[in-house]
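> Contents of my_file07.cif (mmCIF, C-alpha atoms (C1' of nucleotides)):
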```
data_target
#
loop_
_atom_site.label_atom_id
_atom_site.label_comp_id
_atom_site.auth_asym_id
_atom_site.auth_seq_id
_atom_site.Cartn_x
_atom_site.Cartn_y
_atom_site.Cartn_z
CA MET A 1 0.00 0.00 0.00
CA PHE A 2 2.94 2.34 0.51
CA ASP A 3 5.21 1.15 -2.29
CA ASN A 4 2.84 0.55 -5.19
CA LYS A 5 3.66 -3.13 -5.22
CA SER A 6 0.93 -5.23 -6.74
CA THR A 7 2.24 -8.52 -8.16
CA TYR A 8 3.55 -11.73 -6.63
CA GLY A 9 7.00 -10.90 -7.97
CA ASP A 10 6.89 -7.39 -6.48
CA PHE A 11 6.11 -8.78 -3.04
CA LEU A 12 8.68 -11.57 -3.38
CA ARG A 13 11.48 -9.16 -4.24
CA SER A 14 10.67 -6.65 -1.49
CA ASP A 15 12.81 -6.19 1.62
CA GLU A 16 10.92 -8.67 3.75
CA ASN A 17 12.43 -11.66 1.88
CA ILE A 18 9.40 -13.87 2.32
CA ALA A 19 9.50 -17.49 1.13
CA THR A 20 7.52 -18.35 -2.02
CA ASN A 21 5.18 -20.81 -0.32
CA ILE A 22 4.47 -18.46 2.59
CA LEU A 23 3.72 -15.61 0.17
CA ALA A 24 1.30 -17.76 -1.81
CA ASP A 25 -0.35 -18.81 1.45
CA ARG A 26 -0.64 -15.22 2.70
CA LEU A 27 -2.11 -13.95 -0.57
CA LEU A 28 -4.76 -16.67 -0.41
CA MET A 29 -5.53 -15.82 3.24
CA LEU A 30 -5.81 -12.12 2.45
CA GLU A 31 -8.09 -12.88 -0.49
CA CYS A 32 -10.29 -15.12 1.70
CA ALA A 33 -10.37 -12.38 4.35
CA GLY A 34 -11.57 -9.86 1.75
CA MET A 35 -8.47 -7.69 2.02
CA ILE A 36 -7.28 -8.11 -1.56
CA VAL A 37 -8.69 -9.15 -4.94
CA LYS A 38 -6.72 -11.06 -7.56
CA GLU A 39 -7.02 -10.06 -11.23
CA ARG A 40 -5.21 -10.81 -14.46
CA HIS A 41 -2.62 -8.22 -15.43
CA PRO A 42 -3.97 -6.29 -18.45
CA GLU A 43 -0.60 -6.12 -20.23
CA ASN A 44 1.19 -9.31 -19.21
CA GLY A 45 -0.59 -12.66 -19.29
CA THR A 46 1.88 -14.30 -16.93
CA LYS A 47 1.20 -11.79 -14.16
CA PHE A 48 -1.63 -11.24 -11.71
CA LEU A 49 -2.51 -8.01 -9.96
CA TYR A 50 -3.34 -8.04 -6.26
CA LYS A 51 -5.41 -4.99 -5.37
CA PRO A 52 -6.38 -3.81 -1.89
CA THR A 53 -10.11 -3.68 -1.10
CA GLN A 54 -11.78 -0.86 0.83
CA LYS A 55 -11.46 -3.06 3.93
CA ALA A 56 -7.67 -2.96 3.53
CA ILE A 57 -7.56 0.72 2.60
CA ASP A 58 -9.50 1.44 5.80
CA LEU A 59 -6.48 0.20 7.78
CA LEU A 60 -4.57 3.28 6.62
CA PRO A 61 -5.24 5.38 9.77
CA ALA A 62 -3.88 2.60 12.00
CA LEU A 63 -0.86 2.06 9.75
CA LEU A 64 -0.03 5.77 9.72
CA GLU A 65 -0.15 5.82 13.52
CA LEU A 66 2.31 2.91 13.57
CA ILE A 67 4.69 4.92 11.37
CA VAL A 68 4.47 7.85 13.80
CA TRP A 69 5.10 5.45 16.70
CA SER A 70 8.10 3.90 14.91
CA ASP A 71 9.55 7.34 14.32
CA LYS A 72 9.47 7.98 18.06
CA HIS A 73 10.64 4.61 19.34
CA GLU A 74 12.60 2.76 16.65
CA ARG A 75 15.35 3.42 14.12
CA ILE A 76 13.72 3.91 10.74
CA SER A 77 14.79 5.14 7.31
CA VAL A 78 15.16 8.82 6.47
CA ARG A 79 12.27 8.46 4.02
CA ALA A 80 10.01 6.97 6.72
CA ARG A 81 11.03 9.73 9.16
CA GLU A 82 10.08 12.41 6.67
CA PHE A 83 6.75 10.68 6.07
CA ALA A 84 6.12 10.53 9.84
CA ARG A 85 6.74 14.27 10.04
CA GLN A 86 4.13 14.88 7.35
CA ILE A 87 1.61 12.63 9.10
CA ARG A 88 2.02 14.52 12.38
CA LYS A 89 1.64 17.80 10.50
CA ASP A 90 -1.56 17.01 8.60
CA ARG A 91 -2.87 13.57 9.31
CA GLU A 92 -6.42 14.02 7.99
CA SER A 93 -5.29 15.39 4.67
CA ILE A 94 -2.81 12.55 4.15
CA ILE A 95 -5.45 9.95 4.96
CA ARG A 96 -7.83 11.56 2.44
CA GLN A 97 -5.20 11.83 -0.29
CA MET A 98 -3.84 8.31 0.10
CA SER A 99 -7.28 6.71 0.46
CA ALA A 100 -8.44 8.41 -2.72
CA TYR A 101 -5.31 7.35 -4.56
CA LEU A 102 -5.51 3.72 -3.42
CA LYS A 103 -9.19 3.60 -4.31
CA SER A 104 -8.46 4.99 -7.78
CA ILE A 105 -5.82 2.38 -8.59
CA SER A 106 -7.94 -0.40 -7.15
CA GLU A 107 -10.76 0.51 -9.52
CA LYS A 108 -8.67 0.39 -12.69
CA MET B 1 -4.21 -1.67 28.46
CA PHE B 2 -7.96 -1.69 27.98
CA ASP B 3 -8.98 -4.06 30.76
CA ASN B 4 -6.73 -3.09 33.65
CA LYS B 5 -5.07 -6.47 33.64
CA SER B 6 -1.62 -6.45 35.12
CA THR B 7 -0.58 -9.84 36.50
CA TYR B 8 0.39 -13.15 34.91
CA GLY B 9 -2.83 -14.69 36.25
CA ASP B 10 -4.93 -11.85 34.82
CA PHE B 11 -3.48 -12.41 31.35
CA LEU B 12 -3.75 -16.19 31.65
CA ARG B 13 -7.43 -16.07 32.54
CA SER B 14 -8.37 -13.56 29.83
CA ASP B 15 -10.35 -14.48 26.72
CA GLU B 16 -7.35 -15.20 24.54
CA ASN B 17 -6.65 -18.52 26.36
CA ILE B 18 -2.91 -18.36 25.91
CA ALA B 19 -0.73 -21.28 27.04
CA THR B 20 1.34 -20.74 30.20
CA ASN B 21 4.72 -21.18 28.49
CA ILE B 22 3.80 -18.88 25.61
CA LEU B 23 2.61 -16.21 28.05
CA ALA B 24 5.87 -16.41 30.01
CA ASP B 25 7.78 -16.16 26.73
CA ARG B 26 5.75 -13.14 25.55
CA LEU B 27 6.14 -11.28 28.84
CA LEU B 28 9.92 -11.76 28.64
CA MET B 29 9.96 -10.56 25.02
CA LEU B 30 7.87 -7.50 25.86
CA GLU B 31 10.14 -6.71 28.79
CA CYS B 32 13.24 -7.06 26.59
CA ALA B 33 11.59 -4.82 23.98
CA GLY B 34 10.98 -2.15 26.61
CA MET B 35 7.20 -2.38 26.37
CA ILE B 36 6.56 -3.51 29.95
CA VAL B 37 8.33 -3.48 33.30
CA LYS B 38 8.01 -6.24 35.88
CA GLU B 39 7.65 -5.32 39.56
CA ARG B 40 6.72 -7.08 42.77
CA HIS B 41 3.09 -6.66 43.77
CA PRO B 42 2.99 -4.34 46.82
CA GLU B 43 0.26 -6.32 48.58
CA ASN B 44 0.84 -9.91 47.53
CA GLY B 45 4.32 -11.42 47.52
CA THR B 46 3.38 -14.24 45.16
CA LYS B 47 2.30 -11.83 42.43
CA PHE B 48 4.17 -9.60 40.01
CA LEU B 49 2.82 -6.49 38.31
CA TYR B 50 3.46 -5.96 34.62
CA LYS B 51 3.18 -2.28 33.79
CA PRO B 52 3.16 -0.70 30.33
CA THR B 53 6.00 1.73 29.56
CA GLN B 54 5.55 5.01 27.68
CA LYS B 55 6.64 3.13 24.54
CA ALA B 56 3.62 0.84 24.93
CA ILE B 57 1.25 3.62 25.91
CA ASP B 58 2.29 5.44 22.72
CA LEU B 59 0.70 2.62 20.72
CA LEU B 60 -2.72 3.81 21.91
CA PRO B 61 -3.52 5.91 18.80
CA ALA B 62 -2.86 2.91 16.52
CA LEU B 63 -4.87 0.58 18.75
CA LEU B 64 -7.83 2.95 18.83
CA GLU B 65 -7.79 3.12 15.02
CA LEU B 66 -7.90 -0.68 14.93
CA ILE B 67 -10.99 -0.63 17.15
CA VAL B 68 -12.67 1.82 14.76
CA TRP B 69 -11.67 -0.40 11.82
CA SER B 70 -13.05 -3.50 13.57
CA ASP B 71 -16.32 -1.73 14.20
CA LYS B 72 -16.67 -1.13 10.48
CA HIS B 73 -15.49 -4.49 9.15
CA GLU B 74 -15.86 -7.19 11.80
CA ARG B 75 -18.42 -8.42 14.31
CA ILE B 76 -17.44 -7.06 17.71
CA SER B 77 -19.02 -6.82 21.16
CA VAL B 78 -21.59 -4.18 22.05
CA ARG B 79 -19.09 -2.71 24.50
CA ALA B 80 -16.42 -2.40 21.79
CA ARG B 81 -18.95 -0.87 19.38
CA GLU B 82 -19.86 1.79 21.93
CA PHE B 83 -16.17 2.49 22.51
CA ALA B 84 -15.59 2.83 18.74
CA ARG B 85 -18.41 5.38 18.59
CA GLN B 86 -16.75 7.44 21.32
CA ILE B 87 -13.39 7.28 19.54
CA ARG B 88 -14.90 8.56 16.29
CA LYS B 89 -16.65 11.32 18.21
CA ASP B 90 -13.65 12.68 20.11
CA ARG B 91 -10.47 10.82 19.36
CA GLU B 92 -7.99 13.38 20.70
CA SER B 93 -9.70 13.70 24.03
CA ILE B 94 -9.86 9.93 24.49
CA ILE B 95 -6.18 9.56 23.68
CA ARG B 96 -5.31 12.26 26.21
CA GLN B 97 -7.53 10.79 28.93
CA MET B 98 -6.39 7.20 28.48
CA SER B 99 -2.71 8.10 28.14
CA ALA B 100 -2.84 10.12 31.34
CA TYR B 101 -4.63 7.31 33.16
CA LEU B 102 -2.19 4.62 31.97
CA LYS B 103 0.77 6.81 32.86
CA SER B 104 -0.66 7.40 36.35
CA ILE B 105 -1.10 3.71 37.12
CA SER B 106 2.30 2.85 35.64
CA GLU B 107 3.96 5.30 38.04
CA LYS B 108 2.41 3.86 41.20
"C1'" DA C 1 2.50 -27.91 59.69
"C1'" DA C 2 -0.49 -28.65 55.81
"C1'" DC C 3 -2.77 -26.72 52.03
"C1'" DA C 4 -3.63 -23.05 48.53
"C1'" DT C 5 -2.08 -19.41 45.17
"C1'" DT C 6 0.76 -17.64 41.95
"C1'" DA C 7 4.17 -17.67 38.54
"C1'" DC C 8 6.37 -20.01 36.31
"C1'" DT C 9 9.41 -24.53 33.80
"C1'" DT C 10 9.71 -28.91 31.34
"C1'" DG C 11 8.54 -32.51 28.02
"C1'" DT C 12 6.23 -33.80 24.01
"C1'" DA C 13 2.98 -33.66 20.04
"C1'" DT C 14 1.24 -30.63 16.51
"C1'" DT C 15 1.44 -26.71 13.56
"C1'" DT C 16 3.80 -23.19 11.10
"C1'" DT C 17 7.71 -21.52 8.78
"C1'" DG C 18 11.95 -21.51 5.84
"C1'" DC C 19 14.59 -23.35 2.23
"C1'" DA C 20 15.54 -25.79 -2.07
"C1'" DA C 21 13.80 -27.65 -5.92
"C1'" DG C 22 10.38 -28.49 -9.41
"C1'" DT C 23 6.19 -27.38 -12.55
"C1'" DA C 24 2.70 -25.02 -15.62
"C1'" DA C 25 1.29 -21.11 -18.34
"C1'" DT C 26 2.41 -17.33 -21.08
"C1'" DA C 27 5.98 -14.29 -23.43
"C1'" DT C 28 10.19 -13.51 -25.93
"C1'" DT C 29 14.07 -14.72 -28.89
"C1'" DA C 30 16.77 -17.30 -32.49
"C1'" DT D 1 8.47 -22.51 -34.91
"C1'" DA D 2 11.42 -24.33 -31.62
"C1'" DA D 3 14.07 -23.02 -27.68
"C1'" DT D 4 14.55 -20.05 -23.82
"C1'" DA D 5 12.90 -16.84 -20.32
"C1'" DT D 6 9.39 -14.96 -16.97
"C1'" DT D 7 6.05 -15.36 -13.74
"C1'" DA D 8 3.38 -17.55 -10.36
"C1'" DC D 9 3.10 -20.79 -8.16
"C1'" DT D 10 3.51 -26.22 -5.70
"C1'" DT D 11 5.97 -29.91 -3.26
"C1'" DG D 12 9.02 -32.13 0.08
"C1'" DC D 13 11.56 -31.82 4.05
"C1'" DA D 14 14.10 -29.75 8.08
"C1'" DA D 15 13.77 -26.30 11.70
"C1'" DA D 16 11.27 -23.40 14.65
"C1'" DA D 17 7.16 -21.95 17.13
"C1'" DT D 18 3.01 -23.23 19.48
"C1'" DA D 19 -0.36 -25.95 22.35
"C1'" DC D 20 -1.25 -29.04 25.94
"C1'" DA D 21 -0.38 -31.58 30.16
"C1'" DA D 22 2.18 -32.01 34.03
"C1'" DG D 23 5.42 -30.60 37.50
"C1'" DT D 24 8.10 -27.15 40.64
"C1'" DA D 25 9.38 -23.16 43.70
"C1'" DA D 26 8.13 -19.20 46.41
"C1'" DT D 27 4.93 -17.03 49.23
"C1'" DG D 28 0.40 -16.80 51.74
"C1'" DT D 29 -3.42 -18.78 54.43
"C1'" DT D 30 -5.63 -21.96 57.76
#
```
Show me this structure written as structure tokens.


Amino acid sequence: MFDNKSTYGDFLRSDENIATNILADRLLMLECAGMIVKERHPENGTKFLYKPTQKAIDLLPALLELIVWSDKHERISVRAREFARQIRKDRESIIRQMSAYLKSISEK
Amino acid sequence: MFDNKSTYGDFLRSDENIATNILADRLLMLECAGMIVKERHPENGTKFLYKPTQKAIDLLPALLELIVWSDKHERISVRAREFARQIRKDRESIIRQMSAYLKSISEK
DNA sequence: AACATTACTTGTATTTTGCAAGTAATATTA
DNA sequence: TAATATTACTTGCAAAATACAAGTAATGTT
């Protein structure tokens, strides 16, 4: 939701270094829980797109608060620190902007 | 943090039904992570008190957002629903009140 | 002195995870 | 068009985490 990652390969190659079987399992769980929907990629037949549902997008306020918390209590990246600063400055506006953006890409 | 539970026995008897060894393990992890401190109970020598640190109390905003999310997307208790309503109504005031309360009991 | 609470620890079976390897479907290249 | 490459998985197995049952040590109560 924060890095515009949307395919199995995107998730696999991200920093978390998750195992292939665990990733497949998690994607299925998230789909069953109504947090993501799986669709064919419009430009590449080998790929699938995993899009967040409104239920997932609605977690944004909680996630933003966790970023603010991390900024206070953990060592995080410069990029995350800057983002935390913005959230503290104008939380409501960031929630509105990001929700609208995520909704727009999930409707494509 | 929401139910005033503060001893090993309190946690053990709560709804989650955690195993004794897992609970002991979790309490140690939380203590090592600086989220709780362990102290002797002032009135009962067999008991220990586990108190949240400021680091834990600072998670309150994120936790409250999760309660609001749950109210929208999951089936929760009447009590939790009423709490969610209050949070939506006056979030800042609830954070201030609860933080102050948790800080006061953690300083006893 | 015996029994009860409380907060654990220990042993073992079950479940989950992590790693390496393999497979099926589509896309690209020679 | 045949061979190779991508992508999204699945499968098998070892290692780690969890759940359950039972036991122990320190303090408190009768």

> Can you turn the PyMOL selection byres ((chain B) within 12 of (chain A)) into a concrete residue list for this file, as a PyMOL selection string?

chain B and resi 33-35+53-74

> Kindly give the distance, in Å, that separates CA of Leu12 in chain A and CA of Ile87 in chain A, rounded to a single decimal.

28.1 Å

> With all atoms listed in the file as the counted atoms, please give the residues lying no more than 10 Å from DT17 in chain C, apart from itself and same-chain residues fewer than 3 positions off, as number ranges by chain.

A: 19, 21-22; D: 15-17

> Emit the selected residues as a PDB file, in the frame of the given file, including C-alpha atoms (C1' of nucleotides).


```
ATOM      1  CA  ALA A  19       9.500 -17.490   1.130  1.00  0.00           C
ATOM      2  CA  ASN A  21       5.180 -20.810  -0.320  1.00  0.00           C
ATOM      3  CA  ILE A  22       4.470 -18.460   2.590  1.00  0.00           C
TER       4      ILE A  22
ATOM      5  C1'  DA D  15      13.770 -26.300  11.700  1.00  0.00           C
ATOM      6  C1'  DA D  16      11.270 -23.400  14.650  1.00  0.00           C
ATOM      7  C1'  DA D  17       7.160 -21.950  17.130  1.00  0.00           C
TER       8       DA D  17
END
```

> The PyMOL selection byres ((chain A) within 9 of (chain C)) on the file shown: which residues, as a list in words?

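Going through the file, the PyMOL selection byres ((chain A) within 9 of (chain C)) ends up selecting Ile18, Ala19, Ile22, Asn44, Gly45, Thr46 and Lys47 of chain A.
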
> Would you please work out which residue, of B:Glu107, B:Asn17, B:Glu82, B:Asp90, is nearest to chain D when using all atoms listed in the file?

B:Asn17

> Compare B:Arg81, B:Lys5, B:Arg91, B:Arg40 by their minimum atom-to-atom distance to chain D, counting all atoms listed in the file, and give me the closest one.

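So, comparing all the options, the nearest one is B:Arg40.
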
> Produce a table with one row for each residue of chain D that has an atom at most 9 Å from any atom of chain B, each row naming the nearest atom pair and its distance in Å at one decimal; use only C-alpha atoms (C1' of nucleotides); arrange rows by chain and rising residue number; format as JSON lines.


```
{"residue": "D:DT18", "atom": "C1'", "partner": "B:Ile22", "partner_atom": "CA", "distance": 7.6}
{"residue": "D:DA19", "atom": "C1'", "partner": "B:Ala19", "partner_atom": "CA", "distance": 6.6}
{"residue": "D:DC20", "atom": "C1'", "partner": "B:Ala19", "partner_atom": "CA", "distance": 7.9}
{"residue": "D:DA26", "atom": "C1'", "partner": "B:Thr46", "partner_atom": "CA", "distance": 7.0}
{"residue": "D:DT27", "atom": "C1'", "partner": "B:Thr46", "partner_atom": "CA", "distance": 5.2}
{"residue": "D:DG28", "atom": "C1'", "partner": "B:Thr46", "partner_atom": "CA", "distance": 7.7}
```

> Which polymer residues, whether protein, DNA or RNA, lie within 8 Å of the coordinate (2.8, -16.8, -8.9) when you count all atoms listed in the file? List them as a PyMOL selection string, using the chain letters and numbers from the file.

(chain A and resi 8-9+24+47-48) or (chain D and resi 7-9)

> Just give me the gap between CA of Ser93 in chain A and CA of Ala100 in chain B in Å, one decimal is fine.

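Between these atoms lies a distance of 27.3 Å.
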
> Given the file shown, enumerate the residues that the PyMOL selection byres ((chain B and resi 6) around 12) captures and present them as a ChimeraX atom specification.

/B:1-5,7-14,27,36-41,47-52,102,105-106

> What separation in Å, quoted to one decimal, exists between CA of Gln86 in chain A and CA of Arg96 in chain B?

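Taking CA of Gln86 in chain A as the start and CA of Arg96 in chain B as the end point, the length is 21.3 Å.
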